[in-house]
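Step one of this worksheet: look at the structure below.
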Amino acid sequence: MPPHSGVIPERWRKRACLAGRGGLGSAEAMAHDRKQIEQLARTYTDAWCSRDPARVAAHYAPGGMIAINGGDAAGIADVAEAFIAAFPDIEVFMDGLLLREDGVVEYRWTFTGTSAETGRSVRVPGFEEWTIAPDGLIAASRGHSDQAEYDRQLQHGIGPTI
């Protein structure tokens, strides 16, 4: 279970990058229906804004996993629950969507919220690289954001770098 203190477990937010490795997200390129992917991204964004981990998880194929900033892959429901506990007023904004030639979908986002632990507001942009399952849901995701900026905002809030 995720901690109740509002802290995102370290294993989910390591700074190492998985880019170029096999495993999570590696799959043969496949064509995606753009309208279906756009709808998935819109409803995924809405699910995060609902603050309901089950709604977020419903966008993933059974057993779907997410790895954040090269951390260990974890079940999406657990990750969503941890983020929602850490940022009870979390909002996610879809900034863009890219269907790459290799079959990976890049979902670009910004999330905002107030840390339950520090009381500081954060505004963090990032993106996920999705591998889409044959059923049209997310099979696996690799999330990326600026960990140093996230950590700074947790301590000092939104504002210029100190």
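Order determines the names: the first chain of the structure tokens is A, the second B, and so forth; residues in each chain are numbered 1 upward, and ligands are numbered 1 upward as they are shown.
Running DSSP on the backbone gives helix (DSSP H, G or I) for these residues within range 79-159 of chain A: Val79, Ala80, Glu81, Ala82, Phe83, Ile84, Ala85, Ala86, Gln147, Ala148, Glu149, Tyr150, Asp151, Arg152, Gln153, Leu154, Gln155 and His156 of chain A.
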Quick one: residues within 7 Å of Ala67 in chain A, only C-alpha atoms counted, chain neighbours fewer than 6 positions away excluded, as a PyMOL selection string? chain A and resi 12+73-74+141-143
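Nearest to Phe83 in chain A of all the residues A:Leu99, A:Val56, A:Met65, A:Val104 is A:Val56, based on only C-alpha atoms.
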Can you pull out the residues contacting Arg123 in chain A? Cut-off 9 Å, using only C-alpha atoms, and skip same-chain residues under 2 positions away; I want them as a ChimeraX atom specification. /A:110-113,121,125,150,153,157-158
Can you write out the residues you just picked, keeping N, CA, C and O atoms, as a short mmCIF file (atom, residue, chain, number, x, y, z; two decimals), in the first residue's frame?
```cif
data_model
loop_
_atom_site.label_atom_id
_atom_site.label_comp_id
_atom_site.auth_asym_id
_atom_site.auth_seq_id
_atom_site.Cartn_x
_atom_site.Cartn_y
_atom_site.Cartn_z
N THR A 110 0.67 18.32 -17.71
CA THR A 110 1.14 19.12 -16.57
C THR A 110 0.23 18.76 -15.41
O THR A 110 -0.98 18.68 -15.58
N PHE A 111 0.83 18.51 -14.26
CA PHE A 111 -0.02 18.28 -13.10
C PHE A 111 0.23 19.37 -12.08
O PHE A 111 1.34 19.89 -11.94
N THR A 112 -0.85 19.76 -11.40
CA THR A 112 -0.78 20.75 -10.34
C THR A 112 -1.41 20.15 -9.10
O THR A 112 -2.25 19.24 -9.18
N GLY A 113 -1.03 20.67 -7.97
CA GLY A 113 -1.63 20.22 -6.72
C GLY A 113 -0.89 20.82 -5.54
O GLY A 113 0.15 21.46 -5.69
N SER A 121 2.46 24.26 -3.16
CA SER A 121 1.85 24.01 -4.47
C SER A 121 2.92 23.63 -5.47
O SER A 121 4.04 24.17 -5.43
N PRO A 125 5.41 19.81 -15.37
CA PRO A 125 5.14 19.23 -16.69
C PRO A 125 5.90 17.91 -16.83
O PRO A 125 6.90 17.67 -16.16
N TYR A 150 10.59 19.01 -9.36
CA TYR A 150 9.52 18.49 -8.52
C TYR A 150 9.92 18.57 -7.04
O TYR A 150 9.18 19.07 -6.20
N GLN A 153 9.98 22.18 -5.82
CA GLN A 153 8.64 22.72 -5.60
C GLN A 153 8.00 22.12 -4.35
O GLN A 153 7.25 22.81 -3.65
N GLY A 157 7.62 25.42 -3.14
CA GLY A 157 6.44 25.83 -3.90
C GLY A 157 6.80 26.28 -5.30
O GLY A 157 7.95 26.27 -5.72
N ILE A 158 5.75 26.67 -6.03
CA ILE A 158 5.93 27.15 -7.39
C ILE A 158 6.63 28.50 -7.33
O ILE A 158 6.31 29.33 -6.51
#
```
Rank nothing, just name the residue among A:Glu106, A:Asp52, A:Glu149, A:Asp135 nearest to Ala82 in chain A, using only C-alpha atoms. A:Asp52
Given only C-alpha atoms as the counted atoms, nearest of A:Val105, A:Cys49, A:Val92, A:Ala86 to Ala140 in chain A: A:Val105
For Gly64 in chain A, work out the shell of residues within 12 Å, counting only C-alpha atoms and skipping chain neighbours fewer than 5 positions away, then give it as a list in words. Leu24, Gly25, Val56, Ala57, Ala58, His59, Ala73, Ala74, Gly75, Ile76, Ala77, Asp78, Val79, Trp130, Thr131, Ile132, Ala133, Leu137, Ile138, Ala139, Ala140, Ser141 and Arg142 of chain A
For Ser50 in chain A: contacts at 10 Å, only C-alpha atoms, fewer than 3 positions along chain excluded, given as a list of chain:residue names: A:Tyr44, A:Thr45, A:Asp46, A:Ala47, A:Pro53, A:Ala54, A:Arg55, A:Val56, A:Ile84, A:Asp89, A:Ile90, A:Glu91, A:Val92
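The coordinates place CA of Asp151 in chain A at 18.7 Å from CA of Asp72 in chain A.
The space between CA of Asn69 in chain A and CA of Leu154 in chain A spans 16.7 Å.
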Strand (DSSP E) call set, DSSP backbone run, range 27-100 of chain A, as a compact mmCIF listing (two decimals) with N, CA, C and O atoms, in the first residue's frame:
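So states_29.txt came out as:
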```
# COMPACT_ATOMS: atom_id res chain seq x y z
N TYR A 60 -5.97 1.23 -18.22
CA TYR A 60 -4.87 0.28 -18.41
C TYR A 60 -5.43 -1.11 -18.62
O TYR A 60 -6.43 -1.49 -18.02
N ALA A 61 -4.75 -1.88 -19.46
CA ALA A 61 -5.08 -3.29 -19.62
C ALA A 61 -4.84 -4.00 -18.29
O ALA A 61 -4.05 -3.52 -17.46
N PRO A 62 -5.51 -5.12 -18.05
CA PRO A 62 -5.26 -5.86 -16.81
C PRO A 62 -3.76 -6.11 -16.63
O PRO A 62 -3.07 -6.51 -17.57
N GLY A 63 -3.27 -5.83 -15.45
CA GLY A 63 -1.85 -5.98 -15.16
C GLY A 63 -1.00 -4.83 -15.66
O GLY A 63 0.22 -4.87 -15.58
N GLY A 64 -1.63 -3.76 -16.17
CA GLY A 64 -0.90 -2.60 -16.70
C GLY A 64 -0.03 -1.96 -15.63
O GLY A 64 -0.41 -1.84 -14.48
N MET A 65 1.16 -1.58 -16.05
CA MET A 65 2.15 -1.03 -15.12
C MET A 65 2.63 0.33 -15.59
O MET A 65 2.56 0.64 -16.77
N ILE A 66 3.16 1.10 -14.63
CA ILE A 66 3.78 2.38 -14.94
C ILE A 66 5.11 2.45 -14.18
O ILE A 66 5.21 1.99 -13.04
N ALA A 67 6.11 2.99 -14.83
CA ALA A 67 7.41 3.27 -14.21
C ALA A 67 7.63 4.77 -14.33
O ALA A 67 7.42 5.35 -15.40
N ILE A 68 8.02 5.40 -13.24
CA ILE A 68 8.18 6.86 -13.23
C ILE A 68 9.66 7.20 -13.09
O ILE A 68 10.32 6.75 -12.14
N ALA A 74 5.20 -0.34 -11.37
CA ALA A 74 4.22 -0.63 -10.33
C ALA A 74 2.83 -0.59 -10.95
O ALA A 74 2.62 0.00 -12.01
N GLY A 75 1.90 -1.21 -10.29
CA GLY A 75 0.52 -1.20 -10.74
C GLY A 75 -0.02 0.22 -10.73
O GLY A 75 0.22 0.99 -9.80
N GLU A 91 -4.76 18.13 -10.17
CA GLU A 91 -5.38 18.36 -11.47
C GLU A 91 -4.34 18.02 -12.52
O GLU A 91 -3.17 18.34 -12.37
N VAL A 92 -4.80 17.39 -13.59
CA VAL A 92 -3.92 17.03 -14.69
C VAL A 92 -4.46 17.70 -15.95
O VAL A 92 -5.66 17.68 -16.21
N PHE A 93 -3.55 18.29 -16.70
CA PHE A 93 -3.89 18.97 -17.95
C PHE A 93 -3.15 18.26 -19.08
O PHE A 93 -1.95 18.05 -18.99
N MET A 94 -3.87 17.91 -20.13
CA MET A 94 -3.24 17.30 -21.30
C MET A 94 -2.63 18.43 -22.14
O MET A 94 -3.34 19.31 -22.59
N ASP A 95 -1.32 18.37 -22.34
CA ASP A 95 -0.61 19.39 -23.11
C ASP A 95 -0.41 18.99 -24.56
O ASP A 95 -0.20 19.85 -25.42
N GLY A 96 -0.43 17.69 -24.84
CA GLY A 96 -0.22 17.25 -26.21
C GLY A 96 -0.22 15.74 -26.30
O GLY A 96 -0.17 15.03 -25.29
N LEU A 97 -0.28 15.27 -27.53
CA LEU A 97 -0.33 13.85 -27.80
C LEU A 97 0.41 13.61 -29.10
O LEU A 97 0.19 14.32 -30.08
N LEU A 98 1.30 12.64 -29.11
CA LEU A 98 2.08 12.33 -30.29
C LEU A 98 2.05 10.82 -30.52
O LEU A 98 2.36 10.05 -29.61
N LEU A 99 1.64 10.42 -31.71
CA LEU A 99 1.68 9.02 -32.10
C LEU A 99 2.96 8.83 -32.90
O LEU A 99 3.07 9.28 -34.04
```
With distances taken over only C-alpha atoms, which residue among A:Glu128, A:Thr118, A:Gln39, A:Gly103 lies nearest Arg152 in chain A? A:Thr118
